[in-house]
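Structure file structure.pdb (PDB, C-alpha atoms) follows.
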```
ATOM      1  CA  MET A 192      17.404  -1.330 -12.918
ATOM      2  CA  TYR A 193      14.915   1.507 -12.422
ATOM      3  CA  ALA A 194      11.920   1.134 -14.772
ATOM      4  CA  MET A 195      10.528   4.399 -16.071
ATOM      5  CA  HIS A 196       6.747   4.656 -15.871
ATOM      6  CA  GLY A 197       4.511   6.298 -18.483
ATOM      7  CA  LYS A 198       4.142   9.550 -16.553
ATOM      8  CA  GLU A 199       7.904   9.873 -16.171
ATOM      9  CA  ARG A 200       8.420   9.174 -19.876
ATOM     10  CA  ASP A 201       5.962  11.957 -20.713
ATOM     11  CA  GLN A 202       7.814  14.344 -18.391
ATOM     12  CA  GLN A 203      11.178  13.405 -19.914
ATOM     13  CA  SER A 204       9.765  13.962 -23.396
ATOM     14  CA  ALA A 205       8.540  17.383 -22.296
ATOM     15  CA  ILE A 206      12.038  18.257 -21.071
ATOM     16  CA  GLN A 207      13.632  17.077 -24.306
ATOM     17  CA  TYR A 208      11.115  19.064 -26.352
ATOM     18  CA  THR A 209      11.796  22.227 -24.316
ATOM     19  CA  ILE A 210      15.566  21.768 -24.664
ATOM     20  CA  ILE A 211      15.203  21.313 -28.440
ATOM     21  CA  LYS A 212      13.200  24.535 -28.582
ATOM     22  CA  LEU A 213      15.881  26.339 -26.577
ATOM     23  CA  ASN A 214      18.692  24.979 -28.763
ATOM     24  CA  PHE A 215      16.813  25.999 -31.901
ATOM     25  CA  SER A 216      16.284  29.489 -30.493
ATOM     26  CA  ILE A 217      19.968  29.792 -29.596
ATOM     27  CA  SER A 218      21.151  28.679 -33.029
ATOM     28  CA  LYS A 219      18.655  30.925 -34.778
ATOM     29  CA  GLU A 220      18.729  34.015 -32.613
ATOM     30  CA  PRO A 221      20.063  34.110 -28.994
ATOM     31  CA  THR A 222      17.792  36.983 -28.068
ATOM     32  CA  GLN A 223      14.707  34.800 -28.676
ATOM     33  CA  ILE A 224      15.261  32.764 -25.458
ATOM     34  CA  THR A 225      12.594  33.896 -23.042
ATOM     35  CA  ALA A 226      12.420  33.738 -19.251
ATOM     36  CA  SER A 227       9.147  31.789 -19.509
ATOM     37  CA  SER A 228      10.886  29.036 -21.524
ATOM     38  CA  LEU A 229      13.562  28.633 -18.865
ATOM     39  CA  ILE A 230      11.001  28.659 -16.045
ATOM     40  CA  SER A 231       8.966  25.971 -17.845
ATOM     41  CA  LEU A 232      12.070  23.817 -18.172
ATOM     42  CA  PHE A 233      12.984  24.107 -14.482
ATOM     43  CA  CYS A 234       9.389  23.351 -13.403
ATOM     44  CA  ILE A 235       9.229  20.207 -15.539
ATOM     45  CA  MET A 236      12.628  19.041 -14.268
ATOM     46  CA  ALA A 237      11.488  19.519 -10.666
ATOM     47  CA  LYS A 238       8.443  17.320 -11.279
ATOM     48  CA  THR A 239      10.597  14.485 -12.655
ATOM     49  CA  LYS A 240      12.459  14.051  -9.390
ATOM     50  CA  LYS A 241      12.141  10.374  -8.441
ATOM     51  CA  THR A 242      10.194   9.543  -5.295
ATOM     52  CA  LYS A 243      12.236   7.376  -2.964
ATOM     53  CA  THR A 244      10.910   3.876  -2.483
ATOM     54  CA  ALA A 245      10.226   2.264   0.885
ATOM     55  CA  PRO A 246      13.236   0.650   2.626
ATOM     56  CA  LYS A 247      13.842  -2.929   1.515
ATOM     57  CA  ASP A 248      14.387  -4.245   5.055
ATOM     58  CA  LEU A 249      10.983  -2.989   6.220
ATOM     59  CA  ILE A 250       9.230  -4.307   3.093
ATOM     60  CA  GLU A 251      10.756  -7.751   3.683
ATOM     61  CA  ALA A 252       9.894  -7.760   7.396
ATOM     62  CA  MET A 253       6.278  -6.847   6.612
ATOM     63  CA  ALA A 254       6.125  -9.620   3.998
ATOM     64  CA  VAL A 255       7.239 -12.153   6.628
ATOM     65  CA  ALA A 256       4.656 -10.882   9.115
ATOM     66  CA  LYS A 257       1.901 -10.999   6.494
ATOM     67  CA  GLU A 258       2.850 -14.569   5.572
ATOM     68  CA  GLU A 259       2.610 -15.630   9.225
ATOM     69  CA  ILE A 260      -0.851 -14.108   9.587
ATOM     70  CA  THR A 261      -1.959 -15.588   6.249
ATOM     71  CA  ARG A 262      -1.158 -19.069   7.556
ATOM     72  CA  LEU A 263      -3.137 -18.388  10.733
ATOM     73  CA  LEU A 264      -6.148 -17.201   8.731
ATOM     74  CA  VAL A 265      -6.138 -19.942   6.090
ATOM     75  CA  PHE A 266      -5.549 -22.881   8.411
ATOM     76  CA  ASP A 267      -7.848 -21.793  11.211
ATOM     77  CA  PRO A 268     -10.850 -19.446  10.833
ATOM     78  CA  PHE A 269     -11.096 -19.920   7.060
ATOM     79  CA  VAL A 270     -11.431 -23.709   7.442
ATOM     80  CA  ARG A 271     -14.404 -23.227   9.775
ATOM     81  CA  PHE A 272     -15.810 -20.392   7.669
ATOM     82  CA  LYS A 273     -16.111 -22.811   4.721
ATOM     83  CA  LYS A 274     -18.629 -24.791   6.773
ATOM     84  CA  THR A 275     -20.962 -21.834   7.348
ATOM     85  CA  ASP A 276     -24.182 -21.141   5.438
ATOM     86  CA  ILE A 277     -22.824 -17.717   4.385
ATOM     87  CA  TYR A 278     -19.971 -19.441   2.557
ATOM     88  CA  LYS A 279     -22.063 -22.264   1.098
ATOM     89  CA  ASN A 280     -24.821 -19.919  -0.111
ATOM     90  CA  SER A 281     -22.573 -17.085  -1.288
ATOM     91  CA  GLY A 282     -23.625 -17.549  -4.917
ATOM     92  CA  VAL A 283     -20.114 -17.044  -6.300
ATOM     93  CA  SER A 284     -18.088 -19.371  -8.509
ATOM     94  CA  LYS A 285     -16.214 -22.310  -6.999
ATOM     95  CA  LYS A 286     -12.944 -20.728  -8.079
ATOM     96  CA  LYS A 287     -13.676 -17.621  -6.001
ATOM     97  CA  MET A 288     -15.127 -19.607  -3.107
ATOM     98  CA  ASN A 289     -11.954 -21.667  -2.739
ATOM     99  CA  ASN A 290      -9.630 -18.685  -3.095
ATOM    100  CA  PRO A 291      -8.902 -17.174   0.359
ATOM    101  CA  ASP A 292      -7.914 -13.865  -1.268
ATOM    102  CA  PHE A 293     -11.518 -13.356  -2.381
ATOM    103  CA  TRP A 294     -12.587 -13.378   1.273
ATOM    104  CA  MET A 295      -9.483 -11.814   2.814
ATOM    105  CA  ILE A 296      -8.852  -8.766   0.603
ATOM    106  CA  GLY A 297     -11.360  -5.942   0.725
ATOM    107  CA  VAL A 298     -11.835  -3.387  -2.020
ATOM    108  CA  PRO A 299      -9.114  -0.679  -1.726
ATOM    109  CA  LYS A 300     -10.341   2.198   0.441
ATOM    110  CA  ASP A 301      -9.255   4.754  -2.171
ATOM    111  CA  TYR A 302     -11.960   3.479  -4.492
ATOM    112  CA  LEU A 303     -14.653   2.796  -1.930
ATOM    113  CA  PRO A 304     -15.922   5.830   0.037
ATOM    114  CA  SER A 305     -18.889   3.898   1.445
ATOM    115  CA  GLY A 306     -16.859   1.305   3.384
ATOM    116  CA  GLU A 307     -15.014  -1.967   2.940
ATOM    117  CA  GLY A 308     -16.204  -5.237   1.464
ATOM    118  CA  LYS A 309     -18.986  -3.974  -0.838
ATOM    119  CA  ASN A 310     -19.475  -3.930  -4.587
ATOM    120  CA  TYR A 311     -18.134  -0.940  -6.452
ATOM    121  CA  LYS A 312     -18.203  -0.038 -10.127
ATOM    122  CA  GLY A 313     -15.166  -1.316 -11.985
ATOM    123  CA  LEU A 314     -13.890  -3.509  -9.142
ATOM    124  CA  PRO A 315     -14.465  -7.200  -8.415
ATOM    125  CA  LYS A 316     -16.954  -8.301  -5.782
ATOM    126  CA  SER A 317     -15.270  -9.083  -2.464
ATOM    127  CA  GLY A 318     -16.356 -11.426   0.315
ATOM    128  CA  TYR A 319     -14.172  -9.583   2.829
ATOM    129  CA  LYS A 320     -17.054  -8.220   4.887
ATOM    130  CA  ALA A 321     -18.631 -11.671   5.335
ATOM    131  CA  PHE A 322     -15.336 -13.243   6.409
ATOM    132  CA  LEU A 323     -14.625 -10.311   8.729
ATOM    133  CA  GLU A 324     -17.953 -10.881  10.520
ATOM    134  CA  HIS A 325     -17.033 -14.544  10.937
ATOM    135  CA  CYS A 326     -13.605 -13.637  12.344
ATOM    136  CA  LYS A 327     -15.233 -11.241  14.820
ATOM    137  CA  LYS A 328     -17.332 -14.117  16.170
ATOM    138  CA  GLU A 329     -14.168 -16.153  16.592
ATOM    139  CA  VAL A 330     -12.326 -13.206  18.186
ATOM    140  CA  SER A 331      -9.672 -13.228  15.473
ATOM    141  CA  SER A 332     -10.661 -10.168  13.442
ATOM    142  CA  GLU A 333      -7.360  -8.438  14.265
ATOM    143  CA  ASN A 334      -5.557 -10.865  11.930
ATOM    144  CA  LEU A 335      -7.845 -10.160   8.973
ATOM    145  CA  ILE A 336      -7.739  -6.394   9.567
ATOM    146  CA  PHE A 337      -3.933  -6.565   9.650
ATOM    147  CA  TYR A 338      -3.905  -8.606   6.430
ATOM    148  CA  GLN A 339      -6.025  -5.938   4.739
ATOM    149  CA  ARG A 340      -3.827  -3.103   5.996
ATOM    150  CA  ALA A 341      -0.630  -4.932   5.038
ATOM    151  CA  THR A 342      -2.065  -5.320   1.529
ATOM    152  CA  ASP A 343      -2.865  -1.587   1.436
ATOM    153  CA  LEU A 344       0.699  -0.853   2.604
ATOM    154  CA  GLU A 345       2.144  -2.864  -0.288
ATOM    155  CA  ARG A 346       0.481  -0.444  -2.713
ATOM    156  CA  LEU A 347       2.645   2.370  -1.284
ATOM    157  CA  VAL A 348       6.121   0.853  -1.725
ATOM    158  CA  ASP A 349       7.001   3.344  -4.474
ATOM    159  CA  ASP A 350       6.386   6.315  -2.169
ATOM    160  CA  ARG A 351       8.684   6.170   0.851
ATOM    161  CA  LYS A 352       6.965   8.952   2.821
ATOM    162  CA  LYS A 353       3.441   7.617   2.352
ATOM    163  CA  TYR A 354       4.700   4.131   3.206
ATOM    164  CA  PHE A 355       6.276   5.343   6.444
ATOM    165  CA  ALA A 356       3.211   7.403   7.400
ATOM    166  CA  PHE A 357       0.815   4.486   6.836
ATOM    167  CA  PHE A 358       3.095   2.022   8.654
ATOM    168  CA  ALA A 359       3.477   4.364  11.618
ATOM    169  CA  GLU A 360      -0.222   5.219  11.940
ATOM    170  CA  ASP A 361      -2.152   2.147  10.768
ATOM    171  CA  ILE A 362       0.207  -0.795  11.197
ATOM    172  CA  TYR A 363       2.732  -0.534  14.002
ATOM    173  CA  PRO A 364       0.713   1.111  16.839
ATOM    174  CA  LYS A 365      -2.448  -0.892  16.073
ATOM    175  CA  HIS A 366      -1.059  -4.364  15.321
ATOM    176  CA  ILE A 367       2.661  -4.746  16.095
ATOM    177  CA  ALA A 368       3.288  -2.904  19.371
ATOM    178  CA  VAL A 369       2.782  -4.995  22.498
ATOM    179  CA  ASP A 370      -0.695  -4.506  24.010
ATOM    180  CA  SER A 371      -1.888  -2.605  20.916
ATOM    181  CA  ALA A 372      -5.625  -2.464  20.192
ATOM    182  CA  TYR A 373      -5.504  -5.099  17.405
ATOM    183  CA  GLU A 374      -2.292  -6.885  18.360
ATOM    184  CA  ILE A 375      -1.565  -9.861  16.107
ATOM    185  CA  ASN A 376       0.043 -13.138  17.117
ATOM    186  CA  LEU A 377       3.493 -12.837  15.566
ATOM    187  CA  VAL A 378       6.471 -14.940  16.548
ATOM    188  CA  ALA A 379       8.887 -13.030  18.777
ATOM    189  CA  GLY A 380      11.525 -12.725  16.059
ATOM    190  CA  SER A 381       9.171 -11.048  13.593
ATOM    191  CA  ARG A 382       7.802  -8.624  16.191
ATOM    192  CA  ASN A 383      11.295  -7.715  17.407
ATOM    193  CA  THR A 384      12.491  -7.112  13.839
ATOM    194  CA  LEU A 385       9.594  -4.753  13.053
ATOM    195  CA  THR A 386      10.011  -2.940  16.371
ATOM    196  CA  GLY A 387      13.729  -2.492  15.684
ATOM    197  CA  LEU A 388      13.064  -1.131  12.198
ATOM    198  CA  TYR A 389      10.426   1.233  13.576
ATOM    199  CA  ASP A 390      13.018   2.602  16.013
ATOM    200  CA  ASP A 391      15.741   2.752  13.351
ATOM    201  CA  HIS A 392      13.565   4.839  11.019
ATOM    202  CA  LYS A 393      11.815   6.844  13.742
ATOM    203  CA  GLU A 394      13.123  10.254  12.697
ATOM    204  CA  GLU A 395      12.144   9.752   9.063
ATOM    205  CA  ILE A 396       8.781   8.301  10.143
ATOM    206  CA  GLN A 397       7.995  11.391  12.232
ATOM    207  CA  GLU A 398       8.860  13.626   9.280
ATOM    208  CA  ALA A 399       6.571  11.598   7.019
ATOM    209  CA  ILE A 400       3.672  11.835   9.474
ATOM    210  CA  ALA A 401       4.165  15.594   9.887
ATOM    211  CA  GLU A 402       4.184  16.036   6.116
ATOM    212  CA  SER A 403       1.025  13.921   5.713
ATOM    213  CA  TYR A 404      -0.752  16.391   7.991
ATOM    214  CA  GLY A 405       0.729  19.353   6.137
ATOM    215  CA  GLU A 406       2.833  20.584   9.049
TER     216      GLU A 406
END
```
Render the structure in this file as structure tokens.
Amino acid sequence: MYAMHGKERDQQSAIQYTIIKLNFSISKEPTQITASSLISLFCIMAKTKKTKTAPKDLIEAMAVAKEEITRLLVFDPFVRFKKTDIYKNSGVSKKKMNNPDFWMIGVPKDYLPSGEGKNYKGLPKSGYKAFLEHCKKEVSSENLIFYQRATDLERLVDDRKKYFAFFAEDIYPKHIAVDSAYEINLVAGSRNTLTGLYDDHKEEIQEAIAESYGE
């Protein structure tokens, strides 16, 4: 069942309030209904239009791909990273040190104009930058970069167009497509599924990209 968020509840309340005002005006004196009242009502109703969510099949396929890459990161470079001086002398709590997410998830780009993996007011410290440098030395940074981008993509599931645009520009051509710049080591089935979904949604993806650039 669709859960209404706070902003939507406020918009619905605004509509109900405007309708009550209109009904009161009609019952009291029909001539008191103004054009501005009607325009306000239509504008508020337009804003309450639900944004389509990302397609379930693509969300599920991305979750499978992310899980595969998570296993590669946790059972390979992260095991060796735990033996480095950077890890041992990080100065963070044991709970954070032993939690791969602390090292694998950077601070969301929306909140961090100065770059990834640094401290920022109101957000937890992240060890992403240190782990990324380690992965670069092991020539496996593409997996960590994909993990970060897949996490960013998950934040867009409630906005179908933004989800498609991000997937088409930052995920598929850089990590999924064969011979891409940061191609990740997915099993054939996962790669084929994502490629098929990219082709299936190609028209809608192109529209989303065009809209993101204001065309």
Residues within 10 Å of Phe358 of chain A, all atoms listed in the file, excluding chain neighbours under 3 positions, as a JSON list (two decimals) with C-alpha atoms, keeping the file's coordinate frame:
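Once everything was written out, this is part02.json:
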```json
[["chain", "number", "residue", "atom", "x", "y", "z"],
["A", 249, "LEU", "CA", 10.98, -2.99, 6.22],
["A", 253, "MET", "CA", 6.28, -6.85, 6.61],
["A", 340, "ARG", "CA", -3.83, -3.10, 6.00],
["A", 341, "ALA", "CA", -0.63, -4.93, 5.04],
["A", 344, "LEU", "CA", 0.70, -0.85, 2.60],
["A", 347, "LEU", "CA", 2.64, 2.37, -1.28],
["A", 352, "LYS", "CA", 6.96, 8.95, 2.82],
["A", 353, "LYS", "CA", 3.44, 7.62, 2.35],
["A", 354, "TYR", "CA", 4.70, 4.13, 3.21],
["A", 355, "PHE", "CA", 6.28, 5.34, 6.44],
["A", 361, "ASP", "CA", -2.15, 2.15, 10.77],
["A", 362, "ILE", "CA", 0.21, -0.80, 11.20],
["A", 363, "TYR", "CA", 2.73, -0.53, 14.00],
["A", 364, "PRO", "CA", 0.71, 1.11, 16.84],
["A", 365, "LYS", "CA", -2.45, -0.89, 16.07],
["A", 389, "TYR", "CA", 10.43, 1.23, 13.58],
["A", 396, "ILE", "CA", 8.78, 8.30, 10.14],
["A", 400, "ILE", "CA", 3.67, 11.84, 9.47]]
```
Subject >> Selected residue of minimal separation from Asn280 of chain A among A:Leu377, A:Cys326, A:Ala321, A:Ala254, counting all atoms listed in the file >> reply: A:Ala321
Original post:
atom CA of Asp343 of chain A and atom CA of Val270 of chain A, how far apart in Å?
Top reply: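 If I compute the distance from atom CA of Val270 of chain A to atom CA of Asp343 of chain A, I get 24.5 Å.
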Subject >> One-decimal distance in Å that lies between atom CA of Trp294 of chain A and atom CA of Ser281 of chain A >> reply: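 One can read the atom CA of Ser281 of chain A to atom CA of Trp294 of chain A distance as 11.0 Å.
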Hey, could you pull the box centre and edge lengths for segment 350-367 of chain A, axis-aligned, 8 Å padding per side, all listed atoms, to one decimal in Å, as lines of an AutoDock Vina configuration file?
```
center_x = 3.1
center_y = 2.1
center_z = 7.3
size_x = 27.1
size_y = 29.7
size_z = 35.0
```
**OP:** Figure out the distance between atom CA of Glu258 of chain A and atom CA of Asn289 of chain A, please, to one decimal in Å.
**Re:**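 Atom CA of Asn289 of chain A sits 18.4 Å away from atom CA of Glu258 of chain A.
Applied to this file, the PyMOL selection byres ((chain A and resi 367-376) around 10) selects the residues A:Ala256, A:Glu259, A:Ile260, A:Leu263, A:Ser331, A:Ser332, A:Glu333, A:Asn334, A:Leu335, A:Ile336, A:Phe337, A:Asp361, A:Ile362, A:Tyr363, A:Pro364, A:Lys365, A:His366, A:Leu377, A:Val378, A:Ala379, A:Ser381, A:Arg382, A:Asn383, A:Leu385, A:Thr386.
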Subject >> Residue nearest Thr384 of chain A - candidates A:Lys327, A:Gln339, A:Pro246, A:Glu251, atoms counted: all atoms listed in the file >> reply: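 Once distances to Thr384 of chain A are computed over all atoms listed in the file, the minimum belongs to A:Glu251.
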**OP:** List the neighbours of Pro291 of chain A out to 9 Å using all atoms listed in the file; skip same-chain residues closer than 5 positions along the sequence, and give me the result as number ranges by chain.
**Re:** A: 264-265, 269, 296
File of the preceding selection, C-alpha atoms, as a JSON list (two decimals), keeping the file's coordinate frame:
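Below is the file again_20.json, written as the result:
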```json
[["chain", "number", "residue", "atom", "x", "y", "z"],
["A", 264, "LEU", "CA", -6.15, -17.20, 8.73],
["A", 265, "VAL", "CA", -6.14, -19.94, 6.09],
["A", 269, "PHE", "CA", -11.10, -19.92, 7.06],
["A", 296, "ILE", "CA", -8.85, -8.77, 0.60]]
```
Original post:
Quick one: residues within 10 Å of Ser403 of chain A, only C-alpha atoms counted, chain neighbours fewer than 4 positions away excluded, as a list in words?
Top reply: Lys352, Lys353, Ala356, Phe357, Gln397, Glu398 and Ala399 of chain A
